[in-house]
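Student: Have a peek at model24.txt (compact mmCIF, C-alpha atoms and all ligand atoms).
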# COMPACT_ATOMS: atom_id res chain seq x y z
CA MET A 224 0.70 -27.14 -3.11
CA ILE A 225 -0.88 -25.59 0.01
CA VAL A 226 -1.15 -21.81 0.11
CA GLY A 227 -1.91 -20.23 3.50
CA ILE A 228 -3.53 -16.79 3.54
CA THR A 229 -2.59 -14.25 6.23
CA TYR A 230 -4.73 -11.14 6.67
CA ASP A 231 -6.35 -8.84 9.24
CA LEU A 232 -10.12 -9.05 8.99
CA ARG A 233 -11.78 -5.71 9.68
CA ASN A 234 -14.94 -7.18 11.22
CA GLU A 235 -12.97 -9.22 13.72
CA TYR A 236 -11.36 -6.05 15.09
CA LEU A 237 -14.63 -4.06 15.00
CA ASP A 238 -16.21 -6.85 17.07
CA HIS A 239 -13.42 -6.38 19.62
CA GLY A 240 -14.23 -2.66 19.97
CA TYR A 241 -11.70 -1.09 17.59
CA SER A 242 -13.03 1.94 15.66
CA GLU A 243 -13.84 2.29 11.96
CA GLU A 244 -10.74 4.46 11.48
CA GLU A 245 -8.40 2.20 13.48
CA THR A 246 -9.43 -0.71 11.26
CA ALA A 247 -9.59 1.21 7.97
CA GLU A 248 -6.59 -0.57 6.50
CA PHE A 249 -7.87 -4.04 7.34
CA ASP A 250 -9.58 -6.31 4.87
CA ARG A 251 -13.23 -7.11 4.33
CA GLY A 252 -14.36 -10.73 4.18
CA GLU A 253 -15.16 -10.28 0.46
CA THR A 254 -11.47 -9.63 -0.28
CA ILE A 255 -10.34 -12.85 1.37
CA GLU A 256 -13.11 -14.80 -0.36
CA ALA A 257 -12.14 -13.33 -3.74
CA ILE A 258 -8.44 -14.15 -3.31
CA GLU A 259 -9.16 -17.66 -2.05
CA ARG A 260 -11.54 -18.39 -4.93
CA VAL A 261 -8.93 -17.41 -7.51
CA LEU A 262 -6.17 -19.40 -5.78
CA GLN A 263 -8.42 -22.48 -5.78
CA ASP A 264 -9.30 -21.94 -9.46
CA LEU A 265 -5.58 -21.82 -10.15
CA GLY A 266 -5.28 -25.29 -8.62
CA PHE A 267 -3.91 -24.46 -5.17
CA LYS A 268 -5.20 -25.89 -1.91
CA THR A 269 -5.86 -22.95 0.41
CA ASP A 270 -5.84 -22.50 4.16
CA ARG A 271 -7.11 -19.32 5.85
CA ILE A 272 -4.68 -18.40 8.61
CA GLY A 273 -5.76 -14.84 9.48
CA HIS A 274 -3.77 -12.48 11.72
CA ILE A 275 -0.34 -12.90 13.27
CA ARG A 276 -1.61 -14.40 16.52
CA ASN A 277 -3.36 -17.20 14.61
CA LEU A 278 -0.21 -17.68 12.56
CA THR A 279 1.90 -17.92 15.72
CA ALA A 280 -0.42 -20.53 17.25
CA ARG A 281 -0.52 -22.59 14.05
CA LEU A 282 3.28 -22.50 13.67
CA ALA A 283 3.71 -23.56 17.30
CA ALA A 284 1.37 -26.49 16.55
CA TRP A 285 3.70 -27.52 13.71
CA LYS A 286 1.44 -26.43 10.85
CA ARG A 287 3.37 -25.54 7.67
CA TRP A 288 2.48 -24.21 4.18
CA ASP A 289 4.32 -24.31 0.85
CA LEU A 290 3.67 -20.59 0.41
CA VAL A 291 1.75 -17.90 2.25
CA PHE A 292 -0.27 -15.27 0.40
CA ASN A 293 0.33 -12.43 2.84
CA ILE A 294 -1.81 -9.30 3.04
CA ALA A 295 -1.68 -8.83 6.83
CA GLU A 296 -1.27 -5.15 7.75
CA GLY A 297 -0.64 -5.67 11.47
CA LEU A 298 -1.99 -3.56 14.30
CA ARG A 299 0.83 -2.02 16.31
CA GLY A 300 4.22 -0.45 15.71
CA VAL A 301 6.07 0.78 12.66
CA GLY A 302 7.08 -2.81 11.93
CA ARG A 303 3.44 -3.93 11.86
CA GLU A 304 3.42 -4.87 8.16
CA ALA A 305 6.75 -6.65 8.54
CA GLN A 306 5.70 -8.88 11.45
CA VAL A 307 4.13 -11.72 9.46
CA PRO A 308 6.93 -11.86 6.85
CA ALA A 309 9.58 -11.81 9.61
CA LEU A 310 7.88 -14.72 11.38
CA LEU A 311 7.57 -16.64 8.12
CA ASP A 312 11.27 -16.01 7.40
CA ALA A 313 12.11 -17.48 10.80
CA TYR A 314 10.26 -20.68 9.85
CA GLU A 315 11.61 -20.66 6.27
CA ILE A 316 8.14 -20.42 4.77
CA PRO A 317 8.03 -18.42 1.53
CA TYR A 318 5.43 -15.69 1.01
CA THR A 319 4.10 -13.25 -1.55
CA PHE A 320 5.03 -9.56 -1.61
CA SER A 321 7.86 -7.69 0.02
CA ASP A 322 10.28 -8.65 2.78
CA PRO A 323 10.41 -7.18 6.32
CA LEU A 324 13.02 -4.56 5.43
CA VAL A 325 10.89 -3.07 2.65
CA LEU A 326 7.66 -3.28 4.63
CA SER A 327 9.16 -1.55 7.69
CA LEU A 328 10.93 1.10 5.66
CA THR A 329 8.00 1.99 3.43
CA LEU A 330 5.50 2.23 6.27
CA HIS A 331 7.65 5.15 7.48
CA LYS A 332 7.11 7.68 4.71
CA GLY A 333 9.88 10.00 5.95
CA MET A 334 12.59 7.32 6.04
CA THR A 335 11.41 6.12 2.62
CA LYS A 336 11.79 9.64 1.23
CA ARG A 337 15.36 9.79 2.54
CA VAL A 338 16.17 6.67 0.50
CA ILE A 339 14.19 7.91 -2.50
CA ARG A 340 16.03 11.26 -2.41
CA ASN A 341 19.33 9.41 -2.17
CA LEU A 342 18.38 7.42 -5.29
CA GLY A 343 17.94 10.72 -7.15
CA ILE A 344 14.17 10.22 -7.54
CA PRO A 345 12.05 13.41 -7.33
CA THR A 346 10.06 13.79 -4.09
CA PRO A 347 8.90 16.98 -2.34
CA ASN A 348 11.18 18.61 0.23
CA PHE A 349 10.15 17.62 3.72
CA ALA A 350 10.64 17.70 7.47
CA ILE A 351 9.69 15.26 10.22
CA VAL A 352 8.39 16.82 13.43
CA GLU A 353 7.77 15.42 16.89
CA THR A 354 7.84 18.53 19.10
CA ASP A 355 6.96 22.23 19.05
CA SER A 356 10.62 23.10 18.67
CA ASP A 357 10.86 20.84 15.58
CA MET A 358 7.92 22.80 14.12
CA GLU A 359 9.66 26.14 14.71
CA LYS A 360 12.67 24.89 12.73
CA VAL A 361 10.64 23.95 9.64
CA ASP A 362 12.02 26.13 6.88
CA LEU A 363 9.92 25.25 3.83
CA PRO A 364 7.82 27.62 1.71
CA PHE A 365 4.02 27.49 2.13
CA PRO A 366 1.67 25.92 1.18
CA LEU A 367 2.68 22.73 2.96
CA PHE A 368 1.06 19.34 3.45
CA ALA A 369 1.14 17.50 6.80
CA LYS A 370 0.22 13.88 7.53
CA PRO A 371 0.99 11.09 10.00
CA VAL A 372 4.33 9.55 9.03
CA ALA A 373 3.20 5.92 9.08
CA GLU A 374 -0.45 5.46 8.14
CA GLY A 375 -2.31 4.40 5.00
CA THR A 376 -5.79 4.48 3.42
CA GLY A 377 -5.89 8.25 3.86
CA LYS A 378 -5.88 8.06 7.68
CA GLY A 379 -5.22 11.52 9.08
CA ILE A 380 -5.61 13.10 5.64
CA SER A 381 -8.31 15.66 4.77
CA ALA A 382 -8.67 18.99 2.98
CA ALA A 383 -7.15 20.52 6.16
CA SER A 384 -3.87 18.66 5.51
CA LYS A 385 -2.89 21.52 3.18
CA VAL A 386 -1.82 24.49 5.28
CA GLY A 387 -1.06 28.05 4.22
CA THR A 388 0.37 29.60 7.39
CA ARG A 389 2.65 28.67 10.29
CA ASP A 390 -0.23 28.94 12.77
CA GLU A 391 -2.30 26.46 10.74
CA LEU A 392 0.72 24.17 10.48
CA VAL A 393 1.42 24.21 14.21
CA SER A 394 -2.18 23.52 15.22
CA LEU A 395 -2.54 20.71 12.64
CA CYS A 396 0.73 19.08 13.72
CA ARG A 397 -0.26 19.24 17.38
CA ARG A 398 -3.61 17.57 16.60
CA LEU A 399 -1.97 14.84 14.49
CA LEU A 400 0.73 14.16 17.10
CA VAL A 401 -1.89 13.64 19.82
CA LYS A 402 -4.32 11.62 17.71
CA TYR A 403 -1.91 9.29 15.89
CA GLU A 404 0.90 9.10 18.49
CA GLN A 405 3.65 9.22 15.86
CA PRO A 406 5.77 11.87 14.11
CA VAL A 407 4.23 14.11 11.45
CA LEU A 408 5.62 14.35 7.93
CA ILE A 409 5.54 17.86 6.46
CA GLU A 410 6.07 18.24 2.72
CA SER A 411 5.89 20.92 0.07
CA PHE A 412 2.40 20.84 -1.40
CA LEU A 413 2.20 19.33 -4.90
CA PRO A 414 -0.59 21.15 -6.79
CA GLY A 415 -0.57 19.11 -10.02
CA ARG A 416 -2.24 15.99 -11.43
CA GLU A 417 -2.29 12.88 -9.27
CA PHE A 418 -1.43 9.36 -10.45
CA THR A 419 -1.08 5.92 -9.01
CA VAL A 420 1.05 3.45 -10.97
CA GLY A 421 0.30 -0.29 -10.72
CA ILE A 422 3.42 -2.46 -10.84
CA VAL A 423 3.91 -6.23 -10.97
CA GLU A 424 7.01 -8.38 -10.52
CA THR A 425 10.38 -7.74 -8.99
CA GLY A 426 13.70 -6.02 -9.79
CA ASN A 427 14.59 -5.93 -13.48
CA ASP A 428 11.42 -7.91 -14.32
CA ALA A 429 9.22 -5.26 -12.71
CA MET A 430 6.79 -3.61 -15.10
CA ALA A 431 4.04 -1.02 -14.92
CA ILE A 432 0.62 -2.44 -15.73
CA GLY A 433 -1.06 0.94 -15.92
CA THR A 434 -1.04 4.53 -14.70
CA MET A 435 -4.32 5.69 -13.24
CA GLU A 436 -5.18 9.34 -12.77
CA ILE A 437 -7.20 10.29 -9.68
CA VAL A 438 -9.76 12.92 -10.63
CA LEU A 439 -11.83 14.38 -7.80
CA GLN A 440 -15.48 15.08 -8.54
CA ARG A 441 -17.18 18.35 -7.52
CA ARG A 442 -18.76 16.79 -4.42
CA ALA A 443 -15.40 15.43 -3.20
CA GLU A 444 -13.35 17.01 -0.45
CA ARG A 445 -11.19 19.53 -2.35
CA GLU A 446 -7.66 19.00 -3.73
CA VAL A 447 -6.74 15.90 -1.73
CA TYR A 448 -7.37 12.18 -2.20
CA SER A 449 -8.37 12.10 1.47
CA TYR A 450 -9.74 9.48 3.86
CA VAL A 451 -13.37 10.45 3.14
CA ASN A 452 -12.80 10.64 -0.60
CA LYS A 453 -11.27 7.15 -0.52
CA GLU A 454 -14.02 5.66 1.67
CA GLU A 455 -16.72 7.09 -0.61
CA CYS A 456 -14.76 6.82 -3.84
CA GLU A 457 -17.74 5.49 -5.79
CA THR A 458 -19.49 8.87 -5.58
CA ARG A 459 -16.53 11.26 -5.19
CA VAL A 460 -13.71 10.10 -7.46
CA ASP A 461 -13.30 9.43 -11.18
CA TYR A 462 -10.53 7.05 -12.15
CA ARG A 463 -9.05 7.04 -15.63
CA LEU A 464 -6.07 5.49 -17.32
CA ALA A 465 -3.54 8.06 -18.49
CA ASP A 466 -0.77 7.58 -21.01
CA ASP A 467 0.16 11.11 -22.03
CA ALA A 468 3.71 12.40 -21.57
CA MET A 469 3.25 13.33 -17.89
CA ALA A 470 1.72 9.93 -17.08
CA LYS A 471 4.62 8.19 -18.83
CA GLN A 472 7.07 10.23 -16.78
CA ALA A 473 5.15 9.23 -13.63
CA GLN A 474 5.52 5.59 -14.68
CA GLN A 475 9.29 5.96 -15.01
CA VAL A 476 9.56 7.58 -11.58
CA ALA A 477 7.37 4.84 -10.08
CA LEU A 478 9.42 2.01 -11.58
CA ALA A 479 12.68 3.58 -10.42
CA ALA A 480 11.26 3.82 -6.89
CA TRP A 481 9.89 0.23 -6.96
CA ARG A 482 13.22 -1.20 -8.08
CA GLY A 483 15.33 1.08 -5.91
CA LEU A 484 13.42 0.17 -2.76
CA GLY A 485 13.38 -3.56 -3.58
CA CYS A 486 9.59 -4.05 -3.65
CA ARG A 487 8.31 -7.42 -4.85
CA ASP A 488 5.46 -9.08 -6.78
CA ALA A 489 2.84 -6.30 -7.01
CA GLY A 490 1.84 -2.93 -5.58
CA ARG A 491 1.34 0.74 -6.32
CA VAL A 492 3.35 3.94 -6.29
CA ASP A 493 1.48 7.22 -5.67
CA LEU A 494 2.70 10.39 -7.35
CA ARG A 495 1.64 13.94 -7.92
CA ALA A 496 2.98 16.64 -10.22
CA ASP A 497 4.56 19.88 -9.04
CA ALA A 498 3.65 23.31 -10.44
CA ARG A 499 5.90 22.69 -13.45
CA GLY A 500 4.21 19.41 -14.31
CA ASN A 501 6.98 17.10 -13.06
CA PRO A 502 5.65 14.02 -11.23
CA HIS A 503 7.06 13.43 -7.75
CA PHE A 504 7.07 10.31 -5.61
CA ILE A 505 4.60 10.56 -2.69
CA GLU A 506 4.63 7.03 -1.30
CA VAL A 507 4.75 3.37 -2.25
CA ASN A 508 2.21 0.69 -1.30
CA PRO A 509 3.97 -2.68 -1.32
CA LEU A 510 0.88 -4.24 0.34
CA ALA A 511 -1.72 -2.54 -1.84
CA GLY A 512 -5.41 -3.14 -1.09
CA LEU A 513 -6.91 -6.04 -3.06
CA HIS A 514 -10.66 -5.52 -2.68
CA PRO A 515 -11.92 -6.42 -6.18
CA GLY A 516 -14.10 -3.31 -6.61
CA HIS A 517 -12.96 -0.78 -4.00
CA SER A 518 -9.14 -0.87 -3.96
CA ASP A 519 -7.03 1.23 -6.33
CA LEU A 520 -4.90 -1.59 -7.77
CA PRO A 521 -7.86 -3.79 -8.87
CA ILE A 522 -9.69 -0.65 -10.11
CA LEU A 523 -6.62 0.24 -12.18
CA CYS A 524 -6.42 -3.34 -13.50
CA THR A 525 -10.07 -3.31 -14.53
CA LEU A 526 -9.48 -0.09 -16.49
CA ALA A 527 -6.42 -1.68 -18.11
CA GLY A 528 -8.40 -4.80 -19.13
CA ILE A 529 -6.74 -7.04 -16.52
CA THR A 530 -9.29 -9.17 -14.67
CA TYR A 531 -9.05 -9.76 -10.92
CA PRO A 532 -8.12 -13.45 -11.39
CA GLU A 533 -5.40 -12.37 -13.80
CA LEU A 534 -3.99 -9.92 -11.21
CA ILE A 535 -3.84 -12.65 -8.53
CA ARG A 536 -2.28 -15.01 -11.07
CA MET A 537 0.39 -12.40 -11.87
CA ILE A 538 1.18 -12.03 -8.15
CA MET A 539 1.53 -15.81 -7.73
CA THR A 540 3.61 -16.11 -10.90
CA SER A 541 5.99 -13.44 -9.64
CA ALA A 542 6.32 -15.03 -6.20
CA LEU A 543 6.85 -18.52 -7.62
CA LYS A 544 9.38 -17.22 -10.12
CA ARG A 545 11.43 -15.72 -7.26
CA LEU A 546 11.17 -18.93 -5.28
CA ASN A 547 12.06 -21.04 -8.24
CA CYS A 548 15.31 -19.11 -8.55
CA ALA A 549 15.99 -19.73 -4.88
CA GLN A 550 14.67 -23.25 -4.42
CA GLY A 551 14.00 -25.46 -7.43
CA SER A 552 11.51 -27.71 -9.03
CA LEU A 553 8.25 -27.95 -7.03
CA GLN A 554 7.45 -24.39 -7.95
CA THR A 555 8.55 -24.80 -11.57
CA THR A 556 6.08 -27.64 -12.01
CA HIS A 557 3.30 -25.66 -10.42
CA LEU A 558 4.16 -22.49 -12.28
CA SER A 559 3.88 -24.15 -15.68
CA ALA A 560 0.63 -25.89 -14.70
CA MET A 561 -0.78 -22.58 -13.47
CA GLN A 562 0.22 -20.62 -16.55
CA GLY A 563 -1.92 -22.96 -18.63
CA ILE A 564 -5.04 -21.56 -17.00
CA ASP A 565 -6.79 -19.10 -19.20
CA TYR A 566 -9.12 -16.38 -17.99
N1 LIG A 601 2.99 16.52 -0.66
C1 LIG A 601 1.71 16.42 -1.08
N2 LIG A 601 1.17 17.40 -1.85
C2 LIG A 601 -0.10 17.33 -2.27
N3 LIG A 601 -0.95 16.33 -1.97
C3 LIG A 601 -0.45 15.32 -1.20
C4 LIG A 601 0.88 15.31 -0.72
N4 LIG A 601 1.07 14.19 0.01
C5 LIG A 601 -0.12 13.53 -0.01
N5 LIG A 601 -1.03 14.21 -0.74
C6 LIG A 601 -2.44 13.86 -0.98
O1 LIG A 601 -2.89 13.03 0.09
C7 LIG A 601 -3.24 11.75 -0.43
C8 LIG A 601 -2.88 10.66 0.55
O2 LIG A 601 -1.47 10.67 0.79
P1 LIG A 601 -0.67 9.31 0.94
O3 LIG A 601 -0.69 8.58 -0.34
O4 LIG A 601 0.64 9.62 1.55
O5 LIG A 601 -1.60 8.60 2.04
P2 LIG A 601 -1.99 7.11 2.31
O6 LIG A 601 -3.01 7.18 3.38
O7 LIG A 601 -0.76 6.31 2.60
O8 LIG A 601 -2.58 6.57 0.96
P3 LIG A 601 -2.95 5.05 0.55
O9 LIG A 601 -4.45 4.97 0.68
O10 LIG A 601 -2.51 5.04 -0.86
O11 LIG A 601 -2.23 4.14 1.47
C9 LIG A 601 -2.51 11.64 -1.75
O12 LIG A 601 -3.13 10.67 -2.57
C10 LIG A 601 -2.60 13.07 -2.26
O13 LIG A 601 -3.89 13.38 -2.78
MG MG A 602 -1.41 6.83 -1.04
Show this structure as structure tokens.
Tutor:
Amino acid sequence: MIVGITYDLRNEYLDHGYSEEETAEFDRGETIEAIERVLQDLGFKTDRIGHIRNLTARLAAWKRWDLVFNIAEGLRGVGREAQVPALLDAYEIPYTFSDPLVLSLTLHKGMTKRVIRNLGIPTPNFAIVETDSDMEKVDLPFPLFAKPVAEGTGKGISAASKVGTRDELVSLCRRLLVKYEQPVLIESFLPGREFTVGIVETGNDAMAIGTMEIVLQRRAEREVYSYVNKEECETRVDYRLADDAMAKQAQQVALAAWRGLGCRDAGRVDLRADARGNPHFIEVNPLAGLHPGHSDLPILCTLAGITYPELIRMIMTSALKRLNCAQGSLQTTHLSAMQGIDY
């Protein structure tokens, strides 16, 4: 069985003149090497495809794969994470992780919150602003939190994202609108504990593999798991597994969001508690970072006693299980062979 791997390599974009921040969500070579090594150990033949333009050229040259392990984030547009899956759908090539609908929706944190709210899942009150007159209409109590509506990896997020007055809000929104060229999401500020819940599998099979609390050290930027705190997490952030009552409640909220949105195979839901200690949905990461030592999901797995190879195996098992339901026996054979591998 041949597994292609689609990804955006950070160095490739840096070499073409893109900035550190523009490429923050892209993957390091070590991540691709780590994934490929595990896939090969599991008995798959692998083929590095890379970004969507390589994929397009290879498809046009009649190259095909049995499955694609897709972690491509894409560069432009709110559909950027959905581009590779949509192309693979067009060529009837199955892939890991979520479909284009989920990946487009969840990149837009405001639209996602509309769905989440409709599902009855707790999430802070919010407004989406694009103009000065939108900002004047915001009628939410301070303090508020403002961030670009469709970024990840803490882009556009710092201690200054929490604002206490309308003047601060307006000047922050103006800066964000110019810099990120997209609407700004304004939310009630959640002052409580912060969690990220790791989830594997799909629909009713989905399960939480751990709830990790984000604890900022004294030298970290205050109150917010910001871009700088994420980039320098080794010296600014403590990560610990939590399973007290609030963490369990966070897990329930996360699973309801994962299932309600239709996310697949593996990812993370980020939550934070309000002043009363009730965890609220912040955002979901259906293409969570997979750097073995630097990304939250593998860090969470390590704390929970799940090795990196085991995480990748769980992702493949989930994808093959879905495909087996849809397609039949090739995957069944491979799935049982793969499950025999012991880490
Ligand atoms: N409404 C809020 N109240 C308080 N803090 C918030 C709020 N929204 C976001 N934050 C803080 O900002 C951080 C980053 O927000 P968010 O998860 O939306 O960004 P991201 O860049 O998509 O993250 P990721 O790296 O997980 O992709 C959160 O982890 C949290 O610390
Ligand atoms: Mg987040």
Student: For A:Ala247, which of A:Gly512, A:Gly333, A:Pro366, A:Pro406 is the closest residue, counting all atoms listed in the file?
Tutor: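 With all atoms listed in the file as the atom set, the closest residue is A:Gly512.
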Student: Skip A:His331 itself and residues of its chain fewer than 4 positions away, then list as a PDB file with C-alpha atoms, in the coordinates of the input all residues within 12 Å of it, counting only C-alpha atoms.
Tutor:
ATOM      1  CA  GLY A 300       4.220  -0.450  15.710  1.00  0.00           C
ATOM      2  CA  VAL A 301       6.070   0.780  12.660  1.00  0.00           C
ATOM      3  CA  GLY A 302       7.080  -2.810  11.930  1.00  0.00           C
ATOM      4  CA  ARG A 303       3.440  -3.930  11.860  1.00  0.00           C
ATOM      5  CA  GLU A 304       3.420  -4.870   8.160  1.00  0.00           C
ATOM      6  CA  ALA A 305       6.750  -6.650   8.540  1.00  0.00           C
ATOM      7  CA  LEU A 324      13.020  -4.560   5.430  1.00  0.00           C
ATOM      8  CA  VAL A 325      10.890  -3.070   2.650  1.00  0.00           C
ATOM      9  CA  LEU A 326       7.660  -3.280   4.630  1.00  0.00           C
ATOM     10  CA  SER A 327       9.160  -1.550   7.690  1.00  0.00           C
ATOM     11  CA  THR A 335      11.410   6.120   2.620  1.00  0.00           C
ATOM     12  CA  LYS A 336      11.790   9.640   1.230  1.00  0.00           C
ATOM     13  CA  ARG A 337      15.360   9.790   2.540  1.00  0.00           C
ATOM     14  CA  VAL A 338      16.170   6.670   0.500  1.00  0.00           C
ATOM     15  CA  ILE A 351       9.690  15.260  10.220  1.00  0.00           C
ATOM     16  CA  LYS A 370       0.220  13.880   7.530  1.00  0.00           C
ATOM     17  CA  PRO A 371       0.990  11.090  10.000  1.00  0.00           C
ATOM     18  CA  VAL A 372       4.330   9.550   9.030  1.00  0.00           C
ATOM     19  CA  ALA A 373       3.200   5.920   9.080  1.00  0.00           C
ATOM     20  CA  GLU A 374      -0.450   5.460   8.140  1.00  0.00           C
ATOM     21  CA  GLY A 375      -2.310   4.400   5.000  1.00  0.00           C
ATOM     22  CA  GLN A 405       3.650   9.220  15.860  1.00  0.00           C
ATOM     23  CA  PRO A 406       5.770  11.870  14.110  1.00  0.00           C
ATOM     24  CA  VAL A 407       4.230  14.110  11.450  1.00  0.00           C
ATOM     25  CA  LEU A 408       5.620  14.350   7.930  1.00  0.00           C
ATOM     26  CA  ILE A 505       4.600  10.560  -2.690  1.00  0.00           C
ATOM     27  CA  GLU A 506       4.630   7.030  -1.300  1.00  0.00           C
ATOM     28  CA  VAL A 507       4.750   3.370  -2.250  1.00  0.00           C
ATOM     29  CA  ASN A 508       2.210   0.690  -1.300  1.00  0.00           C
TER      30      ASN A 508
END
Student: Counting all atoms listed in the file, which residues of chain A sit at most 6 Å from some atom of ligand LIG 601 (chain A), and what is each one's closest atom pair with its distance in Å to one decimal, listed by chain and rising residue number, as JSON lines?
Tutor:
{"residue": "A:Phe368", "atom": "CA", "partner": "A:LIG601", "partner_atom": "N1", "distance": 5.3}
{"residue": "A:Glu374", "atom": "CA", "partner": "A:LIG601", "partner_atom": "O7", "distance": 5.6}
{"residue": "A:Gly375", "atom": "CA", "partner": "A:LIG601", "partner_atom": "O6", "distance": 3.3}
{"residue": "A:Thr376", "atom": "CA", "partner": "A:LIG601", "partner_atom": "O9", "distance": 3.1}
{"residue": "A:Gly377", "atom": "CA", "partner": "A:LIG601", "partner_atom": "O6", "distance": 3.1}
{"residue": "A:Lys378", "atom": "CA", "partner": "A:LIG601", "partner_atom": "O6", "distance": 5.2}
{"residue": "A:Glu410", "atom": "CA", "partner": "A:LIG601", "partner_atom": "N1", "distance": 4.9}
{"residue": "A:Ser411", "atom": "CA", "partner": "A:LIG601", "partner_atom": "N1", "distance": 5.3}
{"residue": "A:Phe412", "atom": "CA", "partner": "A:LIG601", "partner_atom": "N2", "distance": 3.7}
{"residue": "A:Leu413", "atom": "CA", "partner": "A:LIG601", "partner_atom": "N2", "distance": 3.8}
{"residue": "A:Pro414", "atom": "CA", "partner": "A:LIG601", "partner_atom": "C2", "distance": 5.9}
{"residue": "A:Val447", "atom": "CA", "partner": "A:LIG601", "partner_atom": "O13", "distance": 3.9}
{"residue": "A:Tyr448", "atom": "CA", "partner": "A:LIG601", "partner_atom": "O13", "distance": 3.7}
{"residue": "A:Ser449", "atom": "CA", "partner": "A:LIG601", "partner_atom": "C7", "distance": 5.5}
{"residue": "A:Asp493", "atom": "CA", "partner": "A:LIG601", "partner_atom": "O3", "distance": 5.9}
{"residue": "A:Ile505", "atom": "CA", "partner": "A:LIG601", "partner_atom": "N4", "distance": 5.7}
{"residue": "A:Glu506", "atom": "CA", "partner": "A:LIG601", "partner_atom": "O4", "distance": 5.5}
Student: Those residues with C-alpha atoms, as an mmCIF file, keeping the file's coordinate frame please?
Tutor:
data_model
loop_
_atom_site.group_PDB
_atom_site.id
_atom_site.type_symbol
_atom_site.label_atom_id
_atom_site.label_comp_id
_atom_site.auth_asym_id
_atom_site.auth_seq_id
_atom_site.Cartn_x
_atom_site.Cartn_y
_atom_site.Cartn_z
ATOM 1 C CA PHE A 368 1.060 19.340 3.450
ATOM 2 C CA GLU A 374 -0.450 5.460 8.140
ATOM 3 C CA GLY A 375 -2.310 4.400 5.000
ATOM 4 C CA THR A 376 -5.790 4.480 3.420
ATOM 5 C CA GLY A 377 -5.890 8.250 3.860
ATOM 6 C CA LYS A 378 -5.880 8.060 7.680
ATOM 7 C CA GLU A 410 6.070 18.240 2.720
ATOM 8 C CA SER A 411 5.890 20.920 0.070
ATOM 9 C CA PHE A 412 2.400 20.840 -1.400
ATOM 10 C CA LEU A 413 2.200 19.330 -4.900
ATOM 11 C CA PRO A 414 -0.590 21.150 -6.790
ATOM 12 C CA VAL A 447 -6.740 15.900 -1.730
ATOM 13 C CA TYR A 448 -7.370 12.180 -2.200
ATOM 14 C CA SER A 449 -8.370 12.100 1.470
ATOM 15 C CA ASP A 493 1.480 7.220 -5.670
ATOM 16 C CA ILE A 505 4.600 10.560 -2.690
ATOM 17 C CA GLU A 506 4.630 7.030 -1.300
#
Student: What's the separation between atom CA of A:Val420 and atom CA of A:Val492, in Å to one decimal place?
Tutor: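 That distance, rounded to one decimal, is 5.2 Å.
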Student: Please report the interatomic distance between atom CA of A:Tyr462 and atom CA of A:Ile437 in Å with one decimal.
Tutor: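 Interatomic distance here is 5.3 Å.
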Student: Find, counting all atoms listed in the file, the residue in A:Tyr314, A:Tyr241, A:Trp481, A:Tyr450 that gets nearest to A:Arg281.
Tutor: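 The closest residue to A:Arg281 is A:Tyr314.
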Student: So what do you get for atom CA of A:Arg536 versus atom CA of A:Pro323, distance-wise?
Tutor: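 Answer for the atom CA of A:Arg536 to atom CA of A:Pro323 separation: 22.9 Å.
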Student: So for stretch 540-548 of chain A, what box centre and size do we get, axis-aligned, 8 Å extra on each of the six sides, every listed atom, Å to one decimal, as JSON?
Tutor:
{"center_x": 9.5, "center_y": -17.2, "center_z": -8.1, "size_x": 27.7, "size_y": 23.6, "size_z": 21.6}
Student: From the set A:Met334, A:Leu510, A:Leu310, A:Ala257, which residue has the shortest atom-to-atom contact distance to ligand MG 602 (chain A), counting all atoms listed in the file?
Tutor: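 Nearest to ligand MG 602 (chain A): A:Leu510.
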Student: Between A:Phe365, A:Tyr236, A:Phe267, A:Phe418, single out the one closest to ligand MG 602 (chain A), counting all atoms listed in the file.
Tutor: A:Phe418
Student: Find the residues near A:Ile529: any atom within 12 Å, counting all atoms listed in the file, skip ones fewer than 5 places away on the same chain, and give them as a ChimeraX atom specification.
Tutor: /A:421,432-433,515,520-524,534-537,566
Student: Given all atoms listed in the file as the basis, pick out the residue of A:Leu543, A:Ile380, A:Ala473, A:Leu478 nearest to ligand MG 602 (chain A).
Tutor: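 With all atoms listed in the file as the atom set, the closest residue is A:Ile380.
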Student: Point out the residue among A:Leu367, A:Ile272, A:Ile294, A:Ala479 with the least atom-to-atom distance to A:Asn427, counting all atoms listed in the file.
Tutor: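 When distances to A:Asn427 are compared using all atoms listed in the file, the smallest one comes from A:Ala479.
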Student: Show which residues sit within 9 Å of stretch 395-402 of chain A, as a PyMOL selection string. Count all atoms listed in the file, and ignore same-chain residues fewer than 2 positions away.
Tutor: chain A and resi 352-355+358+369-371+379+383-384+386+390-393+404-409
Student: Export C-alpha atoms of the chosen residues as a CSV table (one decimal), in the frame of the given file?
Tutor:
chain,number,residue,atom,x,y,z
A,352,VAL,CA,8.4,16.8,13.4
A,353,GLU,CA,7.8,15.4,16.9
A,354,THR,CA,7.8,18.5,19.1
A,355,ASP,CA,7.0,22.2,19.0
A,358,MET,CA,7.9,22.8,14.1
A,369,ALA,CA,1.1,17.5,6.8
A,370,LYS,CA,0.2,13.9,7.5
A,371,PRO,CA,1.0,11.1,10.0
A,379,GLY,CA,-5.2,11.5,9.1
A,383,ALA,CA,-7.2,20.5,6.2
A,384,SER,CA,-3.9,18.7,5.5
A,386,VAL,CA,-1.8,24.5,5.3
A,390,ASP,CA,-0.2,28.9,12.8
A,391,GLU,CA,-2.3,26.5,10.7
A,392,LEU,CA,0.7,24.2,10.5
A,393,VAL,CA,1.4,24.2,14.2
A,404,GLU,CA,0.9,9.1,18.5
A,405,GLN,CA,3.6,9.2,15.9
A,406,PRO,CA,5.8,11.9,14.1
A,407,VAL,CA,4.2,14.1,11.4
A,408,LEU,CA,5.6,14.4,7.9
A,409,ILE,CA,5.5,17.9,6.5
